[in-house]
There are 2 protein chains.
Amino acid sequence: MSNRSQAIADMLTRAILDHRLVPGCKLGERELSEVFDVSRIVIRQALIRLADDGLAQIERNRGAFVARPSMQDAMEIYDALTLVEQGVAAQLSDRLGPAGWAELRQHVERQRQAVASGNDALADVLGQEFHTVFVRLSRNKVMQEIHAQLVRRTTLLRSLITADFDYCNLLDDHARVVELLEKGRLKPAMELIDAHHRSVVRGYIMDRQVFPELTPREALEPYLDGKSGEPPKPAPRKKAGENGAARAHAHVHAAK
Amino acid sequence: MSNRSQAIADMLTRAILDHRLVPGCKLGERELSEVFDVSRIVIRQALIRLADDGLAQIERNRGAFVARPSMQDAMEIYDALTLVEQGVAAQLSDRLGPAGWAELRQHVERQRQAVASGNDALADVLGQEFHTVFVRLSRNKVMQEIHAQLVRRTTLLRSLITADFDYCNLLDDHARVVELLEKGRLKPAMELIDAHHRSVVRGYIMDRQVFPELTPREALEPYLDGKSGEPPKPAPRKKAGENGAARAHAHVHAAK
DNA sequence: AACCACAGGATTGGATATCAATCAATGACA
DNA sequence: TGTCATTGATTGATATCCAATCCTGTGGTT
């Protein structure tokens, strides 16, 4: 029985990042209070947290909605992400010890094995984690939190775009960034990070509703039951073929 | 009659940034609800916003307190600030147009005039603003918000340290950064930004309670009355002589 | 005297009921 | 058909109440 509003904010965040709650979706206080079986006040506090995180937008006397970032927002978010990761790269190239480089190489290797063995889901998760591990090695919790927030917002963006690849799946880029940085070749590494993100934004075509709209009741059902841990559901795509999460790098290399 | 909790969060933020509410100060719900004449729930929501912003810390069943960042936190915040401003500098050196450079030069000039005419208070404000203007020229609202939050946290830090200079008052550094960047000399500019911030952190000596502790009731009194605008009160310093806000740059140049 | 245990007070976290203000949709009317 | 007013729904906010938890102070024990 701890912070209910934080727990609910976390669940809503997960649902948004899983593309189960799509941008523009109304987050009614009464409905959510029934879904989570708490009072409206707790919901309000959770929604304030989401809004502070950029994942929801609260309009006075109209209510809260899942944020619907504009194309401009998308570019700004990726610009900021690039700036942060480039800065972290510069710091790491100075300060990172052998153990850190080993962890990065090991992470890339684990993802390579996952790809080789056809475990696309695991590869996807590892690909996302790479960026987090990268920033974590800076040993700066403030930067970690800023970066994590930017990553959440990029994940939200992917609810709005058709390109069915994830920026975090570019295994080759990851490997090369680590290689370049370890050799002290900072500038090419930073340029690669920039290209890495730019290639994603270039692929953006914002057409509304890539994912099907679920009511909050339907969308949140998998999260609340027991407590946590078992059914992390991905969302089914609406159009444009495959699963979307898996098989990513191929497209990107073509896009370059 | 708009968002009361946001308005209250803003007032609390101002009070903290003015060093009227010092780190560790208890922010009791009942007391604040009486001060602002609102219900406890509105106060809770405001405190959640402050906590999300890193200015307050909420401990379960104990209440909210003005955040008391550690030395480690201080270094991380300045590291992050350096990273952000260096990144923005790199972007500006590529993309900023003549009008932008003119605005920066003009801002430095205005501050120079303020210093020359002995208007230390204005010079201080302009010195703080420089960094904000700098980041605003990146035309990236996401970066602006991240930067603003980091600046707020550095301002909070200054409640805890004895060095009575403000990092934002280094007029010479500002002028030189603009000059170097405009000439395309990115690397020296970035190193200067780094030195700029490092010189501040080096001067940090964290001894508790640089500013006198006021009760929230006393601290907030100047903010709530009419509406806004007239009495932005600085806080009186506890020890170490002068006002603290004024006459800054002299010390810093000595410190280098 | 020092130390531990327990009880009481105070504060937070949360629920519920209620009211006012505002937005949106509906329907009446020209 | 177009415009305006009414109505319904939702949010913003309040007051009151209750449970859980923490802090403190008291008192007993060693």
# chains A, B, ... in the order shown; residues from 1 in each chain; ligands from 1

$ residues_around --residues "DT26 of chain C" --least-positions-apart "2" --cutoff "10 Å" --atoms "only C-alpha atoms (C1' of nucleotides)" --output "list in words"
DA24 and DA28 of chain C; DT6, DT7 and DG8 of chain D

$ write_last_selection --atoms "N, CA and C atoms (P, O5', C5', C4', C3', O3' and C1' of nucleotides)" --output "PDB file, in the first residue's frame"
ATOM      1  P    DA C  24     -15.274  21.742 -25.614  1.00  0.00           P
ATOM      2  O5'  DA C  24     -16.588  20.850 -25.783  1.00  0.00           O
ATOM      3  C5'  DA C  24     -16.700  19.649 -25.021  1.00  0.00           C
ATOM      4  C4'  DA C  24     -18.037  18.981 -25.296  1.00  0.00           C
ATOM      5  C3'  DA C  24     -18.516  19.053 -26.753  1.00  0.00           C
ATOM      6  O3'  DA C  24     -19.178  17.847 -27.082  1.00  0.00           O
ATOM      7  C1'  DA C  24     -20.092  20.091 -25.359  1.00  0.00           C
ATOM      8  P    DA C  28     -36.912  20.079 -28.983  1.00  0.00           P
ATOM      9  O5'  DA C  28     -37.235  21.636 -28.914  1.00  0.00           O
ATOM     10  C5'  DA C  28     -37.004  22.322 -27.695  1.00  0.00           C
ATOM     11  C4'  DA C  28     -36.867  23.819 -27.947  1.00  0.00           C
ATOM     12  C3'  DA C  28     -37.935  24.397 -28.875  1.00  0.00           C
ATOM     13  O3'  DA C  28     -38.378  25.655 -28.358  1.00  0.00           O
ATOM     14  C1'  DA C  28     -35.779  24.808 -29.792  1.00  0.00           C
TER      15       DA C  28
ATOM     16  P    DT D   6     -31.930  29.728 -21.332  1.00  0.00           P
ATOM     17  O5'  DT D   6     -32.191  28.189 -21.035  1.00  0.00           O
ATOM     18  C5'  DT D   6     -33.086  27.450 -21.872  1.00  0.00           C
ATOM     19  C4'  DT D   6     -32.691  25.980 -21.873  1.00  0.00           C
ATOM     20  C3'  DT D   6     -32.288  25.427 -20.504  1.00  0.00           C
ATOM     21  O3'  DT D   6     -33.065  24.286 -20.198  1.00  0.00           O
ATOM     22  C1'  DT D   6     -30.660  24.872 -22.121  1.00  0.00           C
ATOM     23  P    DT D   7     -32.990  23.603 -18.764  1.00  0.00           P
ATOM     24  O5'  DT D   7     -32.232  22.227 -19.041  1.00  0.00           O
ATOM     25  C5'  DT D   7     -32.426  21.556 -20.296  1.00  0.00           C
ATOM     26  C4'  DT D   7     -31.351  20.513 -20.458  1.00  0.00           C
ATOM     27  C3'  DT D   7     -30.924  19.824 -19.164  1.00  0.00           C
ATOM     28  O3'  DT D   7     -30.839  18.434 -19.366  1.00  0.00           O
ATOM     29  C1'  DT D   7     -29.025  20.699 -20.249  1.00  0.00           C
ATOM     30  P    DG D   8     -30.832  17.431 -18.161  1.00  0.00           P
ATOM     31  O5'  DG D   8     -29.491  16.596 -18.422  1.00  0.00           O
ATOM     32  C5'  DG D   8     -29.198  16.164 -19.744  1.00  0.00           C
ATOM     33  C4'  DG D   8     -27.705  15.934 -19.886  1.00  0.00           C
ATOM     34  C3'  DG D   8     -27.058  15.188 -18.711  1.00  0.00           C
ATOM     35  O3'  DG D   8     -26.299  14.109 -19.227  1.00  0.00           O
ATOM     36  C1'  DG D   8     -25.849  17.179 -19.180  1.00  0.00           C
TER      37       DG D   8
END

$ residues_around --residues "DA15 of chain C" --least-positions-apart "3" --cutoff "9 Å" --atoms "only C-alpha atoms (C1' of nucleotides)" --output "PyMOL selection string"
(chain A and resi 38-39) or (chain D and resi 17-18)

$ atom_distance --atom1 "atom CA of Ile193 of chain B" --atom2 "atom CA of Gln149 of chain A"
25.0 Å

$ residues_around --residues "DA10 of chain C" --least-positions-apart "3" --cutoff "10 Å" --atoms "only C-alpha atoms (C1' of nucleotides)" --output "list in words"
DC22, DC23 and DT24 of chain D

$ write_last_selection --atoms "N, CA and C atoms (P, O5', C5', C4', C3', O3' and C1' of nucleotides)" --output "short mmCIF file (atom, residue, chain, number, x, y, z; two decimals), in the first residue's frame"
data_model
loop_
_atom_site.label_atom_id
_atom_site.label_comp_id
_atom_site.auth_asym_id
_atom_site.auth_seq_id
_atom_site.Cartn_x
_atom_site.Cartn_y
_atom_site.Cartn_z
P DC D 22 6.66 4.10 9.04
"O5'" DC D 22 7.14 5.43 9.78
"C5'" DC D 22 6.92 6.68 9.16
"C4'" DC D 22 6.91 7.79 10.18
"C3'" DC D 22 8.06 7.74 11.18
"O3'" DC D 22 8.74 8.98 11.19
"C1'" DC D 22 5.98 7.99 12.30
P DC D 23 10.10 9.10 12.00
"O5'" DC D 23 9.65 9.94 13.27
"C5'" DC D 23 8.86 11.11 13.07
"C4'" DC D 23 8.46 11.72 14.39
"C3'" DC D 23 9.57 11.72 15.45
"O3'" DC D 23 9.67 13.01 16.03
"C1'" DC D 23 7.62 10.63 16.28
P DT D 24 10.75 13.25 17.14
"O5'" DT D 24 9.90 13.25 18.48
"C5'" DT D 24 8.57 13.78 18.46
"C4'" DT D 24 7.89 13.51 19.79
"C3'" DT D 24 8.83 13.54 21.01
"O3'" DT D 24 8.18 14.18 22.09
"C1'" DT D 24 7.72 11.48 20.93
#

$ closest_atom_pairs --of "chain C" --to "chain A" --cutoff "10 Å" --atoms "only C-alpha atoms (C1' of nucleotides)" --output "JSON lines"
{"residue": "C:DG13", "atom": "C1'", "partner": "A:Asn3", "partner_atom": "CA", "distance": 8.0}
{"residue": "C:DG14", "atom": "C1'", "partner": "A:Val42", "partner_atom": "CA", "distance": 7.9}
{"residue": "C:DA15", "atom": "C1'", "partner": "A:Ser39", "partner_atom": "CA", "distance": 6.5}
{"residue": "C:DT16", "atom": "C1'", "partner": "A:Ser39", "partner_atom": "CA", "distance": 8.4}
{"residue": "C:DA21", "atom": "C1'", "partner": "A:Asn61", "partner_atom": "CA", "distance": 8.4}
{"residue": "C:DT22", "atom": "C1'", "partner": "A:Asn61", "partner_atom": "CA", "distance": 6.0}
{"residue": "C:DC23", "atom": "C1'", "partner": "A:Arg62", "partner_atom": "CA", "distance": 6.7}
{"residue": "C:DA24", "atom": "C1'", "partner": "A:Arg62", "partner_atom": "CA", "distance": 9.8}

$ interface_residues --of "chain B" --to "chain A" --cutoff "6 Å" --atoms "only C-alpha atoms" --output "PyMOL selection string"
chain B and resi 76+80+83+87+140+143

$ write_last_selection --atoms "C-alpha atoms" --output "short mmCIF file (atom, residue, chain, number, x, y, z; two decimals), in the first residue's frame"
data_model
loop_
_atom_site.label_atom_id
_atom_site.label_comp_id
_atom_site.auth_asym_id
_atom_site.auth_seq_id
_atom_site.Cartn_x
_atom_site.Cartn_y
_atom_site.Cartn_z
CA GLU B 76 25.94 15.65 -11.34
CA ALA B 80 24.51 17.76 -16.84
CA LEU B 83 26.75 18.79 -21.18
CA GLY B 87 25.70 20.60 -26.90
CA ASN B 140 14.25 23.64 -29.08
CA MET B 143 15.99 21.44 -24.49
#

$ residues_around --residues "segment 109-113 of chain A" --least-positions-apart "5" --cutoff "9 Å" --atoms "only C-alpha atoms (C1' of nucleotides)" --output "count of residues only"
11

$ select_by_dssp --residues "segment 3-108 of chain A" --states "strand (DSSP E)" --output "list in words"
Lys26, Leu27, Ala56, Gln57, Ile58, Glu59, Gly63, Ala64, Phe65 and Val66 of chain A

$ decode --residues "segment 2-14 of chain D" --atoms "all heavy atoms" --output "CSV table (one decimal), in the first residue's frame"
chain,number,residue,atom,x,y,z
D,2,DG,P,-26.2,26.2,-43.0
D,2,DG,OP1,-25.4,26.8,-44.1
D,2,DG,OP2,-25.9,24.9,-42.4
D,2,DG,O5',-26.4,27.3,-41.9
D,2,DG,C5',-27.0,28.5,-42.2
D,2,DG,C4',-27.4,29.3,-40.9
D,2,DG,O4',-28.6,28.6,-40.4
D,2,DG,C3',-26.3,29.2,-39.9
D,2,DG,O3',-26.2,30.5,-39.3
D,2,DG,C2',-26.9,28.2,-38.8
D,2,DG,C1',-28.4,28.4,-39.0
D,2,DG,N9,-29.1,27.3,-38.6
D,2,DG,C8,-29.0,26.0,-39.0
D,2,DG,N7,-29.8,25.1,-38.5
D,2,DG,C5,-30.6,25.9,-37.7
D,2,DG,C6,-31.8,25.6,-36.9
D,2,DG,O6,-32.3,24.5,-36.7
D,2,DG,N1,-32.3,26.7,-36.2
D,2,DG,C2,-31.8,28.0,-36.4
D,2,DG,N2,-32.4,28.9,-35.7
D,2,DG,N3,-30.8,28.3,-37.1
D,2,DG,C4,-30.2,27.2,-37.7
D,3,DT,P,-24.9,30.9,-38.4
D,3,DT,OP1,-24.2,32.0,-39.0
D,3,DT,OP2,-24.2,29.7,-38.1
D,3,DT,O5',-25.6,31.4,-37.1
D,3,DT,C5',-26.8,32.2,-37.2
D,3,DT,C4',-27.5,32.1,-35.9
D,3,DT,O4',-28.3,30.9,-35.8
D,3,DT,C3',-26.7,32.2,-34.6
D,3,DT,O3',-27.1,33.2,-33.7
D,3,DT,C2',-26.8,30.8,-34.0
D,3,DT,C1',-28.2,30.4,-34.4
D,3,DT,N1,-28.4,28.9,-34.5
D,3,DT,C2,-29.5,28.4,-33.8
D,3,DT,O2,-30.3,29.1,-33.2
D,3,DT,N3,-29.6,27.0,-33.9
D,3,DT,C4,-28.7,26.2,-34.6
D,3,DT,O4,-28.9,24.9,-34.6
D,3,DT,C5,-27.6,26.8,-35.3
D,3,DT,C7,-26.6,25.9,-36.0
D,3,DT,C6,-27.5,28.1,-35.2
D,4,DC,P,-26.2,33.7,-32.5
D,4,DC,OP1,-26.1,35.2,-32.6
D,4,DC,OP2,-25.0,32.9,-32.5
D,4,DC,O5',-27.1,33.3,-31.3
D,4,DC,C5',-28.5,33.6,-31.3
D,4,DC,C4',-29.2,32.8,-30.2
D,4,DC,O4',-29.3,31.4,-30.7
D,4,DC,C3',-28.6,32.7,-28.9
D,4,DC,O3',-29.5,33.0,-27.9
D,4,DC,C2',-27.9,31.4,-28.8
D,4,DC,C1',-28.9,30.5,-29.6
D,4,DC,N1,-28.3,29.3,-30.2
D,4,DC,C2,-28.9,28.1,-30.1
D,4,DC,O2,-30.0,28.0,-29.5
D,4,DC,N3,-28.3,27.0,-30.7
D,4,DC,C4,-27.2,27.1,-31.3
D,4,DC,N4,-26.7,26.0,-31.8
D,4,DC,C5,-26.5,28.3,-31.4
D,4,DC,C6,-27.1,29.4,-30.9
D,5,DA,P,-29.0,33.4,-26.4
D,5,DA,OP1,-29.6,34.7,-26.0
D,5,DA,OP2,-27.6,33.2,-26.3
D,5,DA,O5',-29.7,32.3,-25.5
D,5,DA,C5',-31.1,32.0,-25.7
D,5,DA,C4',-31.5,30.7,-25.1
D,5,DA,O4',-30.9,29.6,-25.9
D,5,DA,C3',-31.0,30.4,-23.7
D,5,DA,O3',-32.0,29.8,-22.9
D,5,DA,C2',-29.8,29.5,-23.9
D,5,DA,C1',-30.2,28.7,-25.1
D,5,DA,N9,-29.0,28.2,-25.9
D,5,DA,C8,-27.9,28.9,-26.3
D,5,DA,N7,-27.1,28.2,-27.0
D,5,DA,C5,-27.6,27.0,-27.0
D,5,DA,C6,-27.2,25.8,-27.6
D,5,DA,N6,-26.0,25.6,-28.2
D,5,DA,N1,-28.0,24.7,-27.4
D,5,DA,C2,-29.1,24.8,-26.7
D,5,DA,N3,-29.6,25.9,-26.1
D,5,DA,C4,-28.8,26.9,-26.3
D,6,DT,P,-31.9,29.7,-21.3
D,6,DT,OP1,-33.1,30.5,-20.8
D,6,DT,OP2,-30.6,30.1,-20.9
D,6,DT,O5',-32.2,28.2,-21.0
D,6,DT,C5',-33.1,27.5,-21.9
D,6,DT,C4',-32.7,26.0,-21.9
D,6,DT,O4',-31.6,25.8,-22.7
D,6,DT,C3',-32.3,25.4,-20.5
D,6,DT,O3',-33.1,24.3,-20.2
D,6,DT,C2',-30.8,25.1,-20.6
D,6,DT,C1',-30.7,24.9,-22.1
D,6,DT,N1,-29.3,25.1,-22.7
D,6,DT,C2,-28.7,24.2,-23.4
D,6,DT,O2,-29.2,23.1,-23.7
D,6,DT,N3,-27.4,24.5,-23.9
D,6,DT,C4,-26.8,25.7,-23.6
D,6,DT,O4,-25.6,25.9,-24.1
D,6,DT,C5,-27.5,26.7,-22.8
D,6,DT,C7,-26.8,28.0,-22.5
D,6,DT,C6,-28.7,26.4,-22.4
D,7,DT,P,-33.0,23.6,-18.8
D,7,DT,OP1,-34.4,23.3,-18.4
D,7,DT,OP2,-32.1,24.4,-17.9
D,7,DT,O5',-32.2,22.2,-19.0
D,7,DT,C5',-32.4,21.6,-20.3
D,7,DT,C4',-31.4,20.5,-20.5
D,7,DT,O4',-30.1,21.1,-21.0
D,7,DT,C3',-30.9,19.8,-19.2
D,7,DT,O3',-30.8,18.4,-19.4
D,7,DT,C2',-29.6,20.4,-18.8
D,7,DT,C1',-29.0,20.7,-20.2
D,7,DT,N1,-28.0,21.8,-20.3
D,7,DT,C2,-26.9,21.6,-21.1
D,7,DT,O2,-26.7,20.6,-21.8
D,7,DT,N3,-26.0,22.6,-21.1
D,7,DT,C4,-26.1,23.9,-20.5
D,7,DT,O4,-25.3,24.7,-20.6
D,7,DT,C5,-27.3,24.0,-19.6
D,7,DT,C7,-27.5,25.2,-18.9
D,7,DT,C6,-28.2,23.0,-19.6
D,8,DG,P,-30.8,17.4,-18.2
D,8,DG,OP1,-32.0,16.5,-18.3
D,8,DG,OP2,-30.7,18.2,-16.9
D,8,DG,O5',-29.5,16.6,-18.4
D,8,DG,C5',-29.2,16.2,-19.7
D,8,DG,C4',-27.7,15.9,-19.9
D,8,DG,O4',-27.0,17.2,-20.0
D,8,DG,C3',-27.1,15.2,-18.7
D,8,DG,O3',-26.3,14.1,-19.2
D,8,DG,C2',-26.2,16.2,-18.0
D,8,DG,C1',-25.8,17.2,-19.2
D,8,DG,N9,-25.6,18.6,-18.8
D,8,DG,C8,-26.3,19.4,-18.0
D,8,DG,N7,-25.8,20.6,-17.9
D,8,DG,C5,-24.6,20.5,-18.6
D,8,DG,C6,-23.7,21.5,-18.8
D,8,DG,O6,-23.6,22.7,-18.4
D,8,DG,N1,-22.6,21.1,-19.6
D,8,DG,C2,-22.5,19.8,-20.1
D,8,DG,N2,-21.5,19.5,-20.9
D,8,DG,N3,-23.4,18.9,-20.0
D,8,DG,C4,-24.5,19.3,-19.2
D,9,DA,P,-25.7,13.0,-18.2
D,9,DA,OP1,-26.0,11.7,-18.7
D,9,DA,OP2,-26.0,13.4,-16.8
D,9,DA,O5',-24.1,13.3,-18.4
D,9,DA,C5',-23.6,13.6,-19.7
D,9,DA,C4',-22.2,14.1,-19.7
D,9,DA,O4',-22.1,15.5,-19.4
D,9,DA,C3',-21.3,13.4,-18.6
D,9,DA,O3',-20.1,13.1,-19.1
D,9,DA,C2',-21.3,14.4,-17.5
D,9,DA,C1',-21.3,15.7,-18.2
D,9,DA,N9,-21.8,16.8,-17.5
D,9,DA,C8,-23.0,16.8,-16.7
D,9,DA,N7,-23.2,18.0,-16.2
D,9,DA,C5,-22.2,18.8,-16.6
D,9,DA,C6,-21.9,20.2,-16.4
D,9,DA,N6,-22.6,21.0,-15.6
D,9,DA,N1,-20.8,20.7,-17.0
D,9,DA,C2,-20.0,19.8,-17.8
D,9,DA,N3,-20.2,18.6,-18.0
D,9,DA,C4,-21.3,18.1,-17.4
D,10,DT,P,-19.1,12.1,-18.3
D,10,DT,OP1,-18.6,11.1,-19.3
D,10,DT,OP2,-19.7,11.7,-17.0
D,10,DT,O5',-17.9,13.1,-18.0
D,10,DT,C5',-17.4,13.9,-19.0
D,10,DT,C4',-16.5,15.0,-18.4
D,10,DT,O4',-17.3,16.1,-17.8
D,10,DT,C3',-15.6,14.5,-17.2
D,10,DT,O3',-14.3,14.8,-17.4
D,10,DT,C2',-16.2,15.2,-16.0
D,10,DT,C1',-16.7,16.5,-16.6
D,10,DT,N1,-17.8,17.1,-15.8
D,10,DT,C2,-17.8,18.4,-15.5
D,10,DT,O2,-17.0,19.1,-16.0
D,10,DT,N3,-18.9,18.8,-14.8
D,10,DT,C4,-19.9,18.1,-14.2
D,10,DT,O4,-20.8,18.6,-13.5
D,10,DT,C5,-19.8,16.7,-14.5
D,10,DT,C7,-20.9,15.8,-13.9
D,10,DT,C6,-18.8,16.2,-15.3
D,11,DT,P,-13.1,14.3,-16.4
D,11,DT,OP1,-12.1,13.6,-17.2
D,11,DT,OP2,-13.8,13.6,-15.2
D,11,DT,O5',-12.5,15.7,-15.9
D,11,DT,C5',-12.2,16.7,-16.8
D,11,DT,C4',-12.2,18.0,-16.1
D,11,DT,O4',-13.5,18.3,-15.5
D,11,DT,C3',-11.2,18.1,-15.0
D,11,DT,O3',-10.4,19.3,-15.1
D,11,DT,C2',-12.1,18.2,-13.7
D,11,DT,C1',-13.3,18.8,-14.2
D,11,DT,N1,-14.6,18.5,-13.4
D,11,DT,C2,-15.3,19.5,-12.9
D,11,DT,O2,-15.0,20.7,-12.9
D,11,DT,N3,-16.4,19.1,-12.2
D,11,DT,C4,-16.9,17.8,-12.0
D,11,DT,O4,-17.9,17.6,-11.4
D,11,DT,C5,-16.1,16.8,-12.6
D,11,DT,C7,-16.5,15.3,-12.6
D,11,DT,C6,-15.0,17.2,-13.3
D,12,DG,P,-9.1,19.5,-14.2
D,12,DG,OP1,-8.2,20.3,-15.0
D,12,DG,OP2,-8.7,18.2,-13.6
D,12,DG,O5',-9.7,20.5,-13.1
D,12,DG,C5',-10.0,21.8,-13.4
D,12,DG,C4',-10.3,22.6,-12.1
D,12,DG,O4',-11.6,22.1,-11.6
D,12,DG,C3',-9.3,22.4,-11.0
D,12,DG,O3',-9.0,23.7,-10.4
D,12,DG,C2',-10.0,21.4,-10.1
D,12,DG,C1',-11.5,21.8,-10.3
D,12,DG,N9,-12.4,20.7,-10.1
D,12,DG,C8,-12.3,19.4,-10.5
D,12,DG,N7,-13.3,18.6,-10.2
D,12,DG,C5,-14.1,19.4,-9.4
D,12,DG,C6,-15.4,19.2,-8.8
D,12,DG,O6,-16.0,18.1,-8.8
D,12,DG,N1,-15.9,20.3,-8.2
D,12,DG,C2,-15.3,21.5,-8.2
D,12,DG,N2,-15.9,22.5,-7.5
D,12,DG,N3,-14.1,21.8,-8.7
D,12,DG,C4,-13.6,20.7,-9.4
D,13,DA,P,-8.0,23.8,-9.2
D,13,DA,OP1,-7.4,25.1,-9.2
D,13,DA,OP2,-7.1,22.6,-9.3
D,13,DA,O5',-8.8,23.6,-7.9
D,13,DA,C5',-9.9,24.5,-7.7
D,13,DA,C4',-10.8,24.0,-6.5
D,13,DA,O4',-11.5,22.9,-6.9
D,13,DA,C3',-10.0,23.6,-5.3
D,13,DA,O3',-10.2,24.6,-4.3
D,13,DA,C2',-10.5,22.3,-4.9
D,13,DA,C1',-11.8,22.2,-5.7
D,13,DA,N9,-12.2,20.8,-6.0
D,13,DA,C8,-11.5,19.9,-6.7
D,13,DA,N7,-12.1,18.7,-6.9
D,13,DA,C5,-13.3,18.9,-6.1
D,13,DA,C6,-14.3,18.0,-5.9
D,13,DA,N6,-14.4,16.8,-6.3
D,13,DA,N1,-15.3,18.5,-5.1
D,13,DA,C2,-15.3,19.8,-4.7
D,13,DA,N3,-14.3,20.7,-4.9
D,13,DA,C4,-13.3,20.2,-5.6
D,14,DT,P,-9.5,24.4,-2.8
D,14,DT,OP1,-9.1,25.8,-2.4
D,14,DT,OP2,-8.6,23.3,-2.9
D,14,DT,O5',-10.8,24.0,-2.0
D,14,DT,C5',-12.0,24.6,-2.1
D,14,DT,C4',-13.0,24.0,-1.1
D,14,DT,O4',-13.5,22.7,-1.7
D,14,DT,C3',-12.4,23.6,0.2
D,14,DT,O3',-13.1,24.3,1.3
D,14,DT,C2',-12.6,22.1,0.3
D,14,DT,C1',-13.6,21.8,-0.7
D,14,DT,N1,-13.4,20.5,-1.4
D,14,DT,C2,-14.3,19.5,-1.2
D,14,DT,O2,-15.3,19.6,-0.6
D,14,DT,N3,-13.9,18.3,-1.9
D,14,DT,C4,-12.8,18.0,-2.6
D,14,DT,O4,-12.6,16.9,-3.1
D,14,DT,C5,-11.9,19.1,-2.7
D,14,DT,C7,-10.6,19.0,-3.4
D,14,DT,C6,-12.2,20.3,-2.1
